[in-house]
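Trainee: Data file run-v5.txt (compact mmCIF, C-alpha atoms and all ligand atoms) is appended below.
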```txt
# COMPACT_ATOMS: atom_id res chain seq x y z
CA MET A 1 63.60 75.84 94.85
CA SER A 2 64.13 76.34 91.12
CA ILE A 3 66.84 78.68 89.83
CA HIS A 4 64.14 81.15 88.91
CA ASP A 5 62.76 81.20 92.45
CA LEU A 6 66.24 81.56 93.87
CA GLU A 7 66.88 84.51 91.59
CA LEU A 8 63.66 86.16 92.65
CA ALA A 9 64.48 85.66 96.31
CA PHE A 10 67.96 87.02 95.67
CA GLN A 11 66.71 90.20 93.96
CA ASP A 12 64.17 90.60 96.72
CA LYS A 13 66.98 90.67 99.29
CA ILE A 14 68.88 93.24 97.23
CA ASP A 15 65.79 95.41 96.87
CA ASN A 16 65.30 95.29 100.62
CA GLU A 17 68.90 96.33 101.26
CA ILE A 18 69.84 92.98 102.77
CA LYS A 19 73.53 92.31 102.20
CA ILE A 20 74.67 89.18 100.38
CA GLU A 21 77.20 87.11 102.32
CA PRO A 22 79.73 84.59 100.94
CA LYS A 23 77.77 81.42 101.72
CA ASP A 24 74.42 82.77 100.46
CA TRP A 25 73.06 81.65 97.13
CA MET A 26 73.89 84.14 94.36
CA PRO A 27 73.56 84.14 90.56
CA GLU A 28 76.78 83.09 88.87
CA ALA A 29 76.97 86.40 87.01
CA TYR A 30 76.72 88.33 90.29
CA ARG A 31 79.60 86.32 91.70
CA LYS A 32 81.67 86.85 88.58
CA THR A 33 81.00 90.57 88.32
CA ASN A 34 81.91 91.08 91.97
CA LEU A 35 85.00 88.94 91.68
CA ARG A 36 86.19 90.87 88.63
CA GLN A 37 85.47 94.26 90.16
CA ILE A 38 86.90 93.53 93.61
CA SER A 39 90.05 91.94 92.23
CA GLN A 40 90.63 94.79 89.80
CA HIS A 41 90.14 97.18 92.66
CA ALA A 42 92.69 95.21 94.73
CA HIS A 43 95.19 95.22 91.87
CA SER A 44 94.73 98.99 91.52
CA GLU A 45 95.68 99.51 95.17
CA ILE A 46 98.77 97.36 94.72
CA VAL A 47 99.94 98.85 91.42
CA GLY A 48 99.01 102.28 92.81
CA MET A 49 101.88 101.97 95.25
CA LEU A 50 104.42 102.07 92.41
CA PRO A 51 104.16 105.67 91.14
CA GLU A 52 104.27 106.97 94.72
CA GLY A 53 106.82 104.52 96.07
CA ASN A 54 109.03 105.94 93.37
CA TRP A 55 109.23 109.25 95.29
CA ILE A 56 109.78 108.02 98.85
CA SER A 57 113.55 108.24 98.64
CA ARG A 58 113.34 111.68 96.99
CA ALA A 59 110.76 113.38 99.21
CA PRO A 60 111.91 116.92 100.03
CA SER A 61 111.75 116.57 103.83
CA LEU A 62 111.57 113.97 106.55
CA LYS A 63 107.97 114.99 107.25
CA ARG A 64 106.93 114.45 103.63
CA LYS A 65 108.81 111.17 103.52
CA ALA A 66 107.02 109.87 106.62
CA ILE A 67 103.64 110.95 105.18
CA LEU A 68 104.34 109.29 101.85
CA ILE A 69 105.46 106.03 103.48
CA ALA A 70 102.30 106.01 105.60
CA LYS A 71 100.14 106.55 102.52
CA VAL A 72 101.84 103.84 100.48
CA GLN A 73 101.55 101.46 103.44
CA ASP A 74 97.83 102.21 103.62
CA GLU A 75 97.46 101.31 99.94
CA ALA A 76 99.12 97.94 100.61
CA GLY A 77 96.55 97.40 103.37
CA HIS A 78 93.73 98.34 101.00
CA GLY A 79 95.00 95.78 98.54
CA LEU A 80 94.97 93.17 101.27
CA TYR A 81 91.41 93.95 102.48
CA LEU A 82 90.18 93.68 98.90
CA TYR A 83 92.07 90.51 98.06
CA ALA A 84 90.54 88.95 101.17
CA ALA A 85 87.06 90.00 99.98
CA ALA A 86 87.77 88.56 96.52
CA GLU A 87 88.90 85.28 98.06
CA THR A 88 85.47 84.82 99.68
CA LEU A 89 84.12 84.44 96.13
CA GLY A 90 86.21 81.37 95.52
CA MET A 91 89.44 82.46 93.89
CA SER A 92 92.75 81.78 95.65
CA ARG A 93 95.19 84.55 96.50
CA ASP A 94 97.85 82.91 94.38
CA GLN A 95 95.56 82.90 91.38
CA LEU A 96 94.67 86.56 91.91
CA VAL A 97 98.32 87.58 92.08
CA GLU A 98 99.11 85.38 89.12
CA ASP A 99 96.41 87.06 87.01
CA LEU A 100 97.81 90.49 87.80
CA ASN A 101 101.38 89.51 87.05
CA SER A 102 100.56 87.78 83.78
CA GLY A 103 98.65 90.82 82.51
CA LYS A 104 95.37 88.90 82.40
CA ALA A 105 93.69 91.00 85.08
CA LYS A 106 93.16 94.74 84.80
CA TYR A 107 93.85 97.59 87.17
CA SER A 108 92.94 101.26 87.01
CA SER A 109 94.61 102.92 84.02
CA ILE A 110 95.48 105.98 86.07
CA PHE A 111 98.53 104.19 87.45
CA ASN A 112 99.99 103.84 83.97
CA TYR A 113 100.85 107.53 83.94
CA PRO A 114 104.32 108.59 85.14
CA THR A 115 105.04 110.73 88.20
CA LEU A 116 107.54 113.23 86.85
CA THR A 117 108.07 115.77 89.63
CA TRP A 118 107.53 116.07 93.36
CA ALA A 119 104.38 118.09 92.70
CA ASP A 120 102.88 114.94 91.20
CA MET A 121 102.70 113.48 94.70
CA GLY A 122 100.40 116.32 95.69
CA ALA A 123 98.35 116.08 92.50
CA VAL A 124 97.95 112.32 92.83
CA GLY A 125 96.76 112.59 96.43
CA TRP A 126 94.36 115.41 95.69
CA LEU A 127 93.00 114.31 92.29
CA VAL A 128 93.55 110.56 92.00
CA ASP A 129 92.71 109.66 95.60
CA GLY A 130 89.97 112.29 95.43
CA ALA A 131 88.37 110.56 92.45
CA ALA A 132 88.84 107.15 94.05
CA ILE A 133 87.17 108.31 97.26
CA LEU A 134 83.95 109.30 95.48
CA ASN A 135 83.79 105.80 94.05
CA GLN A 136 84.66 104.18 97.35
CA VAL A 137 82.19 106.15 99.44
CA MET A 138 79.46 104.86 97.15
CA LEU A 139 80.84 101.31 97.44
CA CYS A 140 80.53 101.38 101.23
CA ARG A 141 76.86 100.58 100.51
CA THR A 142 77.48 97.94 97.86
CA SER A 143 75.35 94.80 98.14
CA TYR A 144 78.10 92.22 98.70
CA GLY A 145 78.89 92.20 102.43
CA PRO A 146 82.66 91.54 102.40
CA TYR A 147 83.21 94.20 99.72
CA ALA A 148 81.16 96.76 101.64
CA ARG A 149 83.05 96.07 104.88
CA ALA A 150 86.42 96.39 103.13
CA MET A 151 85.26 99.72 101.70
CA VAL A 152 84.19 101.10 105.07
CA ARG A 153 87.63 100.33 106.43
CA ILE A 154 89.33 101.84 103.39
CA CYS A 155 87.26 105.03 103.42
CA LYS A 156 88.27 105.69 107.02
CA GLU A 157 91.90 105.69 105.95
CA GLU A 158 91.50 107.37 102.60
CA SER A 159 90.61 110.93 103.56
CA PHE A 160 94.09 111.65 104.88
CA HIS A 161 95.43 110.72 101.43
CA GLN A 162 93.48 113.45 99.70
CA ARG A 163 94.11 116.03 102.41
CA GLN A 164 97.87 115.54 102.48
CA GLY A 165 97.93 115.87 98.68
CA PHE A 166 96.03 119.13 98.71
CA GLU A 167 98.11 120.50 101.54
CA SER A 168 101.31 119.60 99.75
CA LEU A 169 100.11 121.51 96.66
CA LEU A 170 99.02 124.40 98.84
CA VAL A 171 102.58 124.75 100.12
CA LEU A 172 103.95 124.69 96.57
CA SER A 173 101.34 127.21 95.42
CA LYS A 174 102.71 129.69 97.95
CA GLY A 175 106.34 128.98 97.07
CA THR A 176 108.79 130.29 94.51
CA LYS A 177 107.96 130.85 90.87
CA GLU A 178 109.44 127.43 89.99
CA GLN A 179 107.39 125.72 92.68
CA ARG A 180 104.21 127.37 91.48
CA GLU A 181 104.95 126.31 87.92
CA MET A 182 105.66 122.77 89.05
CA CYS A 183 102.32 122.75 90.89
CA GLN A 184 100.40 123.97 87.83
CA ASP A 185 102.21 121.53 85.55
CA ALA A 186 101.31 118.55 87.74
CA ILE A 187 97.66 119.62 87.83
CA ASN A 188 97.68 120.01 84.04
CA ARG A 189 98.99 116.50 83.53
CA TRP A 190 96.78 114.75 86.10
CA TRP A 191 93.45 116.48 85.48
CA TRP A 192 92.27 114.62 82.39
CA PRO A 193 93.49 111.16 83.43
CA SER A 194 91.64 111.69 86.73
CA LEU A 195 88.40 112.39 84.85
CA MET A 196 88.95 109.21 82.86
CA MET A 197 89.06 107.20 86.09
CA PHE A 198 85.26 107.24 86.15
CA GLY A 199 85.03 105.26 82.91
CA PRO A 200 83.12 105.86 79.65
CA LYS A 201 80.09 108.11 79.39
CA ASP A 202 76.73 106.67 80.39
CA SER A 203 75.34 107.40 76.91
CA GLU A 204 77.94 105.15 75.32
CA SER A 205 76.74 102.16 77.24
CA THR A 206 75.35 99.21 75.33
CA ASN A 207 74.79 96.93 78.27
CA SER A 208 71.75 96.87 80.42
CA ASP A 209 72.70 98.20 83.77
CA GLN A 210 72.88 95.02 85.80
CA SER A 211 75.41 96.44 88.27
CA MET A 212 72.91 99.09 89.33
CA LYS A 213 70.07 96.59 89.59
CA TRP A 214 72.19 94.40 91.83
CA LYS A 215 73.29 97.47 93.77
CA ILE A 216 76.94 96.68 93.27
CA LYS A 217 77.04 100.28 92.03
CA ARG A 218 74.66 103.01 93.07
CA LYS A 219 75.76 105.90 90.90
CA THR A 220 76.59 106.07 87.21
CA ASN A 221 79.98 107.02 85.78
CA ASP A 222 78.71 110.43 84.72
CA GLU A 223 77.13 111.19 88.08
CA LEU A 224 80.36 110.43 89.90
CA ARG A 225 82.43 112.36 87.38
CA GLN A 226 80.17 115.40 87.73
CA ASN A 227 80.48 115.24 91.53
CA PHE A 228 84.22 115.20 91.12
CA VAL A 229 84.36 118.16 88.73
CA ASP A 230 82.10 120.24 90.99
CA MET A 231 84.29 119.48 93.99
CA ILE A 232 87.66 120.13 92.33
CA ALA A 233 86.56 123.24 90.40
CA GLU A 234 85.86 124.89 93.75
CA GLN A 235 88.91 123.58 95.60
CA ILE A 236 91.36 124.73 92.94
CA LYS A 237 90.42 128.34 93.63
CA LEU A 238 92.13 128.03 97.01
CA LEU A 239 95.32 126.96 95.28
CA GLY A 240 95.23 129.93 92.92
CA MET A 241 95.82 127.49 90.06
CA THR A 242 93.70 126.61 87.02
CA LEU A 243 92.33 123.42 85.50
CA PRO A 244 93.46 122.79 81.90
CA ASP A 245 89.98 122.99 80.40
CA PRO A 246 88.80 126.15 78.59
CA ASN A 247 85.24 124.81 78.65
CA LEU A 248 85.03 124.50 82.40
CA LYS A 249 82.23 126.84 83.44
CA TRP A 250 79.57 127.05 86.12
CA ASN A 251 76.15 126.33 84.65
CA GLU A 252 73.52 128.20 86.61
CA ASN A 253 70.65 126.15 85.14
CA ARG A 254 72.12 122.79 85.93
CA LYS A 255 73.73 123.97 89.15
CA HIS A 256 76.81 122.05 88.05
CA TYR A 257 80.04 122.82 86.25
CA ASP A 258 80.13 122.15 82.51
CA PHE A 259 83.37 120.73 81.26
CA GLY A 260 85.12 119.77 78.02
CA GLU A 261 85.24 116.49 76.16
CA ILE A 262 87.57 113.75 77.37
CA ASN A 263 90.06 112.28 74.89
CA TRP A 264 88.52 108.82 74.64
CA GLU A 265 91.07 107.58 72.20
CA GLU A 266 93.78 108.08 74.78
CA PHE A 267 91.54 106.44 77.35
CA TRP A 268 91.11 103.24 75.32
CA ASN A 269 94.74 103.15 74.38
CA VAL A 270 95.81 103.11 78.01
CA VAL A 271 93.16 100.51 78.89
CA LYS A 272 94.54 98.32 76.12
CA GLY A 273 98.00 98.43 77.57
CA ASN A 274 99.58 101.18 75.49
CA GLY A 275 99.84 103.80 78.22
CA PRO A 276 103.15 105.44 79.09
CA CYS A 277 103.97 103.02 81.94
CA ASN A 278 101.93 99.81 81.44
CA LYS A 279 104.97 97.66 80.79
CA GLN A 280 107.07 99.18 83.57
CA ARG A 281 104.33 98.63 86.14
CA LEU A 282 103.86 94.97 85.30
CA ALA A 283 107.59 94.42 85.12
CA ALA A 284 108.01 95.95 88.58
CA ARG A 285 105.27 93.72 90.02
CA ASN A 286 106.77 90.60 88.46
CA LYS A 287 110.26 91.48 89.67
CA ALA A 288 109.03 91.98 93.23
CA HIS A 289 107.08 88.73 93.13
CA ASP A 290 109.95 86.69 91.70
CA GLU A 291 112.52 88.14 94.05
CA GLY A 292 110.25 87.42 97.00
CA ALA A 293 109.87 83.73 96.11
CA TRP A 294 112.70 82.56 98.36
CA VAL A 295 111.29 84.55 101.29
CA ARG A 296 107.89 82.89 100.93
CA ALA A 297 109.49 79.46 100.65
CA ALA A 298 111.78 80.06 103.63
CA ALA A 299 108.90 81.22 105.84
CA MET A 300 106.95 78.11 104.94
CA ALA A 301 109.92 75.83 105.62
CA TYR A 302 110.52 77.51 108.97
CA ALA A 303 106.86 77.15 109.99
CA GLU A 304 106.98 73.49 108.97
CA LYS A 305 110.12 72.87 111.01
CA ARG A 306 108.65 74.48 114.11
CA LYS A 307 105.45 72.47 113.77
CA ASN A 308 107.48 69.24 113.64
CA LYS A 309 109.52 70.27 116.66
CA LEU A 310 106.34 70.83 118.65
CA LYS A 311 105.08 67.42 117.54
CA THR A 312 108.22 65.55 118.67
CA LYS A 313 108.13 67.41 121.96
CA ALA A 314 104.55 66.33 122.55
CA ALA A 315 105.29 62.71 121.68
CA MET B 1 87.30 105.39 66.47
CA ASN B 2 85.73 102.06 65.81
CA ILE B 3 85.38 100.51 69.23
CA LEU B 4 82.22 99.04 70.61
CA ILE B 5 81.92 100.62 74.00
CA LYS B 6 80.34 98.52 76.66
CA LYS B 7 79.30 99.79 80.01
CA PHE B 8 81.98 99.44 82.59
CA TYR B 9 82.99 101.27 85.64
CA TYR B 10 86.07 102.41 87.40
CA GLY B 11 87.27 99.24 89.07
CA ASP B 12 85.33 97.08 86.63
CA ILE B 13 87.17 96.86 83.35
CA PRO B 14 85.92 94.18 80.95
CA ASP B 15 87.98 91.04 80.43
CA GLY B 16 90.07 90.73 77.32
CA ALA B 17 90.52 94.47 76.81
CA SER B 18 94.27 94.06 76.64
CA GLU B 19 96.22 93.60 73.43
CA ASN B 20 99.49 92.57 74.92
CA GLU B 21 98.44 89.99 77.39
CA LYS B 22 101.30 87.59 77.84
CA PRO B 23 100.82 83.90 78.53
CA ASN B 24 101.12 82.68 82.10
CA THR B 25 104.77 82.20 82.75
CA HIS B 26 104.58 81.57 86.48
CA LYS B 27 103.50 78.28 87.82
CA LEU B 28 101.27 78.02 90.82
CA SER B 29 103.52 75.37 92.23
CA GLU B 30 104.63 77.26 95.32
CA THR B 31 102.99 76.05 98.48
CA SER B 32 100.92 78.99 99.61
CA TRP B 33 100.64 80.34 103.11
CA PRO B 34 97.42 79.37 104.86
CA LEU B 35 94.58 81.82 105.47
CA TRP B 36 93.97 83.22 108.99
CA GLU B 37 91.03 85.08 110.51
CA VAL B 38 91.93 88.06 112.67
CA PHE B 39 89.97 89.16 115.75
CA MET B 40 90.75 92.37 117.59
CA ARG B 41 89.92 93.95 120.91
CA SER B 42 89.72 97.67 120.22
CA LYS B 43 89.97 98.64 123.88
CA GLN B 44 90.13 97.11 127.32
CA GLY B 45 86.74 95.80 128.40
CA LEU B 46 85.36 95.05 124.92
CA ASP B 47 85.00 91.73 123.08
CA HIS B 48 87.35 90.67 120.34
CA LYS B 49 85.67 91.33 117.02
CA HIS B 50 86.37 89.97 113.56
CA ALA B 51 88.66 92.41 111.73
CA GLY B 52 89.51 90.57 108.53
CA SER B 53 91.74 87.86 107.17
CA LEU B 54 95.27 87.45 105.88
CA HIS B 55 97.77 84.85 104.77
CA ALA B 56 100.74 83.91 106.95
CA ALA B 57 103.12 80.99 107.32
CA ASP B 58 102.40 80.52 111.03
CA ALA B 59 100.53 82.02 113.97
CA GLN B 60 103.32 84.35 115.00
CA MET B 61 103.59 85.81 111.52
CA ALA B 62 99.80 86.10 111.35
CA ILE B 63 99.79 88.17 114.55
CA GLU B 64 102.63 90.37 113.35
CA ASN B 65 101.01 90.95 109.97
CA ALA B 66 97.68 91.65 111.66
CA ARG B 67 99.43 94.27 113.78
CA ASP B 68 100.81 95.87 110.60
CA VAL B 69 97.56 95.91 108.62
CA TYR B 70 94.84 96.25 111.20
CA THR B 71 96.30 98.47 113.93
CA ARG B 72 98.04 101.26 112.04
CA ARG B 73 95.82 103.81 113.78
CA GLN B 74 95.46 102.31 117.24
CA GLU B 75 92.42 100.26 116.26
CA GLY B 76 93.40 97.43 118.56
CA ILE B 77 95.22 96.47 121.75
CA SER B 78 94.85 92.70 121.56
CA ILE B 79 94.84 90.31 118.62
CA TRP B 80 93.57 86.75 118.19
CA VAL B 81 94.27 84.77 115.06
CA VAL B 82 92.87 81.40 114.05
CA GLU B 83 93.51 79.46 110.90
CA SER B 84 90.39 79.82 108.77
CA LYS B 85 90.05 76.08 108.19
CA TYR B 86 89.30 75.60 111.89
CA ILE B 87 86.21 77.81 111.80
CA HIS B 88 82.93 75.98 111.49
CA ALA B 89 79.90 77.95 110.36
CA SER B 90 76.16 77.44 110.34
CA ASN B 91 74.59 76.94 106.96
CA PRO B 92 72.58 79.91 105.60
CA ASP B 93 70.23 77.46 103.82
CA ASP B 94 69.13 76.16 107.21
CA SER B 95 68.51 79.59 108.66
CA GLU B 96 64.74 79.22 108.58
CA MET B 97 64.48 76.16 110.79
CA PHE B 98 67.57 77.20 112.68
CA TYR B 99 66.49 80.64 113.85
CA GLU B 100 62.76 80.83 113.30
CA PRO B 101 61.70 78.91 116.44
CA SER B 102 62.63 81.93 118.53
CA GLU B 103 60.44 84.25 116.49
CA ASP B 104 57.14 83.39 118.19
CA LYS B 105 58.49 83.42 121.73
CA VAL B 106 57.63 86.99 122.50
CA TYR B 107 57.37 86.16 126.22
CA ARG B 108 61.17 86.09 126.24
CA HIS B 109 61.17 89.86 125.97
CA PRO B 110 60.48 92.19 128.91
CA THR B 111 57.99 94.25 126.86
CA PHE B 112 55.63 91.23 126.79
CA TYR B 113 54.58 91.89 130.38
CA ASP B 114 52.01 94.59 131.05
CA LEU B 115 52.53 96.02 134.49
CA PRO B 116 50.74 98.88 136.26
CA ASP B 117 52.53 102.23 136.00
CA GLU B 118 52.89 102.30 139.78
CA VAL B 119 55.54 99.58 139.68
CA LYS B 120 58.85 101.41 139.83
CA HIS B 121 62.38 100.32 139.05
CA MET B 122 61.49 97.28 136.95
FE FE A 401 93.58 103.12 98.60
FE FE A 402 94.63 106.28 98.77
```
Let me see whether you can do it: turn the structure in this file into C-alpha cells.

Mentor:
Amino acid sequence: MSIHDLELAFQDKIDNEIKIEPKDWMPEAYRKTNLRQISQHAHSEIVGMLPEGNWISRAPSLKRKAILIAKVQDEAGHGLYLYAAAETLGMSRDQLVEDLNSGKAKYSSIFNYPTLTWADMGAVGWLVDGAAILNQVMLCRTSYGPYARAMVRICKEESFHQRQGFESLLVLSKGTKEQREMCQDAINRWWWPSLMMFGPKDSESTNSDQSMKWKIKRKTNDELRQNFVDMIAEQIKLLGMTLPDPNLKWNENRKHYDFGEINWEEFWNVVKGNGPCNKQRLAARNKAHDEGAWVRAAAMAYAEKRKNKLKTKAA
Amino acid sequence: MNILIKKFYYGDIPDGASENEKPNTHKLSETSWPLWEVFMRSKQGLDHKHAGSLHAADAQMAIENARDVYTRRQEGISIWVVESKYIHASNPDDSEMFYEPSEDKVYRHPTFYDLPDEVKHM
C-alpha cells in the first residue's frame, strides 16, 4: 500500500471510532502529536505534586493530611500511567524524564503558581482538578488506545480530588472571619489561572484543526472553558463566595455564563517560563532526580547480584 | 502583544515555547530499570487482566510497585508481572489472513441452526 492509501485507511478507522493501537500504522505527525501531548500531560501530573506536596507537613489535621497524601500519591500514579502510554510511541522513560528535567518538555502552566495558604489546597482541588477533569473526561474517548485507557483509569480516581477540594473550602466558608477571607483570597488567585488551563481562544488559532480530525481532542478550548465556567459559577453559590470577575453574568440567550477577558500576556509569560515558580519547580524535580540516582543504581546492582546467585545455584 | 498564536490545547503546548531552556546537563548513562507488564485479578474467580506497565529493577520490586500504583482502591487481589521483552505479539499487518478465515464459518455459532420452536432447553 502507498502512504496515501495507508493514510486513507487510517482516517477511515478514526472516522469509524476504531482505536489506534501501538503497533498499528499511523502517520508520523499523529505519533508525534500524541507523544508530545501525552508526555506533557504526564509531566503535568508529576510537577503537579509539588505545590500540594508542599502542604502535607502543614495540613491542619490528621484527616486533611491523610487526604492530601492520598491525592498526591494518585497524581504520581497518573504520571506513571501516562508515561507508560507515551513509551508505547517509542520514547524511553529516561528520555521523557530527561526532557522534563532539562526544561525541553512542557507541563501545564498552572503548576507554576505558588500555593500561599492552606485554602489554596481547597482551591486547587476544586478549580485546578475541576478544570483538568473536563479535559480528561473528553480524553477518555481519544483515538489512541493506550492514552484512552490511561484516561479512564485516571478519571475514576480524579473525582475525589475535586470533591475533597470543594469540601475543604466549604468548611472554611463556614469558619471564622479569617478563614472566610482566606477562602475568598485563594479563589481570587486561582480563578484566572484555572481559566487559562484550557489554552488560547479558538478564534486565535492559525492551525487547521488536525487534533479534532484525528479525534485526539473532541472539544475545542472554548467549549471546555465554557463548560467549566458554567459549572463553577453555580457551585460557588454554595460556598457563599464570589468569583473575581465583574463581567460574569448569566446570558439567557446563550444559556451560558458570559465572562471577562483573560490576561493573555500573563498566560504567554508563564508558558515561556517566566511564571512565579517555573524555576523552583524544575529545580525541585532535578534535585529529586539527582538525589535518587544512588537508589536507582543500588536497586539495579542488587537485582544483578541476585540474578547471578540464582545462576550459580542452577549450575 | 506581538505573538503569533498557534492552536494548542491544555496538555499540548508547542515545542520551543520556552525562552530559558537550558542545555541537557544529565547524561543518559545510567542503566535503566527494565519494563514490566502488570496483570491483575480483581476478585477471586476472575482471570488476570492487563492493568498497565511499569519499570522495576526486578520481579519483586515490580510486584511491590504494582501493588502501590494499581491497587490503591482494592482493584486487585492477585498480581502477575512479566518483563515486557518476553511478550510476543501477533502482527497487526497480518490480521486479515490471520483472523479472516473464521469470518465465513457461521456454522460455528449456535444461531446457525434452525430448530422447531417445540425443542426446549437447547
Ligand atoms: Fe491527576
Ligand atoms: Fe488530580

Trainee: Enumerate residues in contact with ligand FE 401 (chain A): an atom-to-atom distance of at most 9 Å, counting only C-alpha atoms and all ligand atoms. Format the result as an mmCIF file with C-alpha atoms, keeping the file's coordinate frame.

Mentor:
```cif
data_model
loop_
_atom_site.group_PDB
_atom_site.id
_atom_site.type_symbol
_atom_site.label_atom_id
_atom_site.label_comp_id
_atom_site.auth_asym_id
_atom_site.auth_seq_id
_atom_site.Cartn_x
_atom_site.Cartn_y
_atom_site.Cartn_z
ATOM 1 C CA ALA A 42 92.690 95.210 94.730
ATOM 2 C CA SER A 44 94.730 98.990 91.520
ATOM 3 C CA GLU A 45 95.680 99.510 95.170
ATOM 4 C CA ILE A 46 98.770 97.360 94.720
ATOM 5 C CA GLY A 48 99.010 102.280 92.810
ATOM 6 C CA LYS A 71 100.140 106.550 102.520
ATOM 7 C CA VAL A 72 101.840 103.840 100.480
ATOM 8 C CA ASP A 74 97.830 102.210 103.620
ATOM 9 C CA GLU A 75 97.460 101.310 99.940
ATOM 10 C CA ALA A 76 99.120 97.940 100.610
ATOM 11 C CA GLY A 77 96.550 97.400 103.370
ATOM 12 C CA HIS A 78 93.730 98.340 101.000
ATOM 13 C CA GLY A 79 95.000 95.780 98.540
ATOM 14 C CA ASP A 129 92.710 109.660 95.600
ATOM 15 C CA ALA A 132 88.840 107.150 94.050
ATOM 16 C CA ILE A 133 87.170 108.310 97.260
ATOM 17 C CA ILE A 154 89.330 101.840 103.390
ATOM 18 C CA CYS A 155 87.260 105.030 103.420
ATOM 19 C CA GLU A 157 91.900 105.690 105.950
ATOM 20 C CA GLU A 158 91.500 107.370 102.600
ATOM 21 C CA HIS A 161 95.430 110.720 101.430
#
```

Trainee: Under the rule that all atoms listed in the file are counted, which of B:Pro92, B:Leu35, B:Lys49, B:Asp114 is the nearest residue to B:Glu75?

Mentor: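 Among B:Pro92, B:Leu35, B:Lys49, B:Asp114, it is B:Lys49 that comes nearest to B:Glu75.
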
Trainee: Pick from B:Thr111, B:Thr71, B:Ser84, B:Asn91: nearest to B:Lys43, with all atoms listed in the file counted?

Mentor: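 For B:Lys43, the nearest of the given residues is B:Thr71.
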
Trainee: Counting all atoms listed in the file, which of A:Pro146, A:Gly103, A:Pro244, A:Gly122 gets nearest to chain B?

Mentor: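 Of A:Pro146, A:Gly103, A:Pro244, A:Gly122, the one nearest chain B, counting all atoms listed in the file, is A:Gly103.
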
Trainee: I'd like to know which of A:Arg189, A:Arg153, A:Arg163, A:Lys311 is closest to chain B, using all atoms listed in the file.

Mentor: A:Arg153

Trainee: Between A:Val229, A:Val128, A:Ile14, A:Leu6, which is the closest to ligand FE 402 (chain A) once you count only C-alpha atoms and all ligand atoms?

Mentor: A:Val128

Trainee: List the neighbours of stretch 82-91 of chain A out to 8 Å using all atoms listed in the file; skip same-chain residues closer than 6 positions along the sequence, and give me the result as a count of residues only.

Mentor: 14

Trainee: From the list A:Met231, A:Val271, A:Leu127, A:Ile236, which residue is nearest ligand FE 402 (chain A) when using all atoms listed in the file?

Mentor: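 Smallest separation from ligand FE 402 (chain A) among the options: A:Leu127.
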
Trainee: Please return, as a list in words, all residues of chain A lying within 6 Å of chain B when only C-alpha atoms are considered.

Mentor: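 That gives Gln37, Gln40, His41, Gly77, Ser102, Gly103, Lys104, Met197, Phe198, Gly199, Ser205, Thr206, Asn207, Lys272, Gly273, Ala299, Met300 and Ala303 of chain A for chain A.
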
Trainee: Write the selection just made, keeping C-alpha atoms, as a PDB file, in the frame of the given file?

Mentor:
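Dumped to part.pdb:
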```pdb
ATOM      1  CA  GLN A  37      85.470  94.260  90.160  1.00  0.00           C
ATOM      2  CA  GLN A  40      90.630  94.790  89.800  1.00  0.00           C
ATOM      3  CA  HIS A  41      90.140  97.180  92.660  1.00  0.00           C
ATOM      4  CA  GLY A  77      96.550  97.400 103.370  1.00  0.00           C
ATOM      5  CA  SER A 102     100.560  87.780  83.780  1.00  0.00           C
ATOM      6  CA  GLY A 103      98.650  90.820  82.510  1.00  0.00           C
ATOM      7  CA  LYS A 104      95.370  88.900  82.400  1.00  0.00           C
ATOM      8  CA  MET A 197      89.060 107.200  86.090  1.00  0.00           C
ATOM      9  CA  PHE A 198      85.260 107.240  86.150  1.00  0.00           C
ATOM     10  CA  GLY A 199      85.030 105.260  82.910  1.00  0.00           C
ATOM     11  CA  SER A 205      76.740 102.160  77.240  1.00  0.00           C
ATOM     12  CA  THR A 206      75.350  99.210  75.330  1.00  0.00           C
ATOM     13  CA  ASN A 207      74.790  96.930  78.270  1.00  0.00           C
ATOM     14  CA  LYS A 272      94.540  98.320  76.120  1.00  0.00           C
ATOM     15  CA  GLY A 273      98.000  98.430  77.570  1.00  0.00           C
ATOM     16  CA  ALA A 299     108.900  81.220 105.840  1.00  0.00           C
ATOM     17  CA  MET A 300     106.950  78.110 104.940  1.00  0.00           C
ATOM     18  CA  ALA A 303     106.860  77.150 109.990  1.00  0.00           C
TER      19      ALA A 303
END
```

Trainee: For a test of reading the model, state the distance in Å between atom CA of A:Asp209 and atom CA of A:Ile18, rounded to one decimal.

Mentor: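 So the answer is 19.9 Å.
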
Trainee: Give me, please, the distance in Å between atom CA of A:Lys23 and atom CA of A:Lys219, quoted to one decimal.

Mentor: 26.8 Å

Trainee: Grab all the atoms of stretch 259-270 of chain A that the file lists, wrap them in a box along x, y and z, add 6 Å per side, and give me centre plus edge lengths in Å (one decimal) as lines of an AutoDock Vina configuration file.

Mentor:
```
center_x = 89.6
center_y = 111.9
center_z = 76.7
size_x = 24.4
size_y = 29.6
size_z = 21.1
```
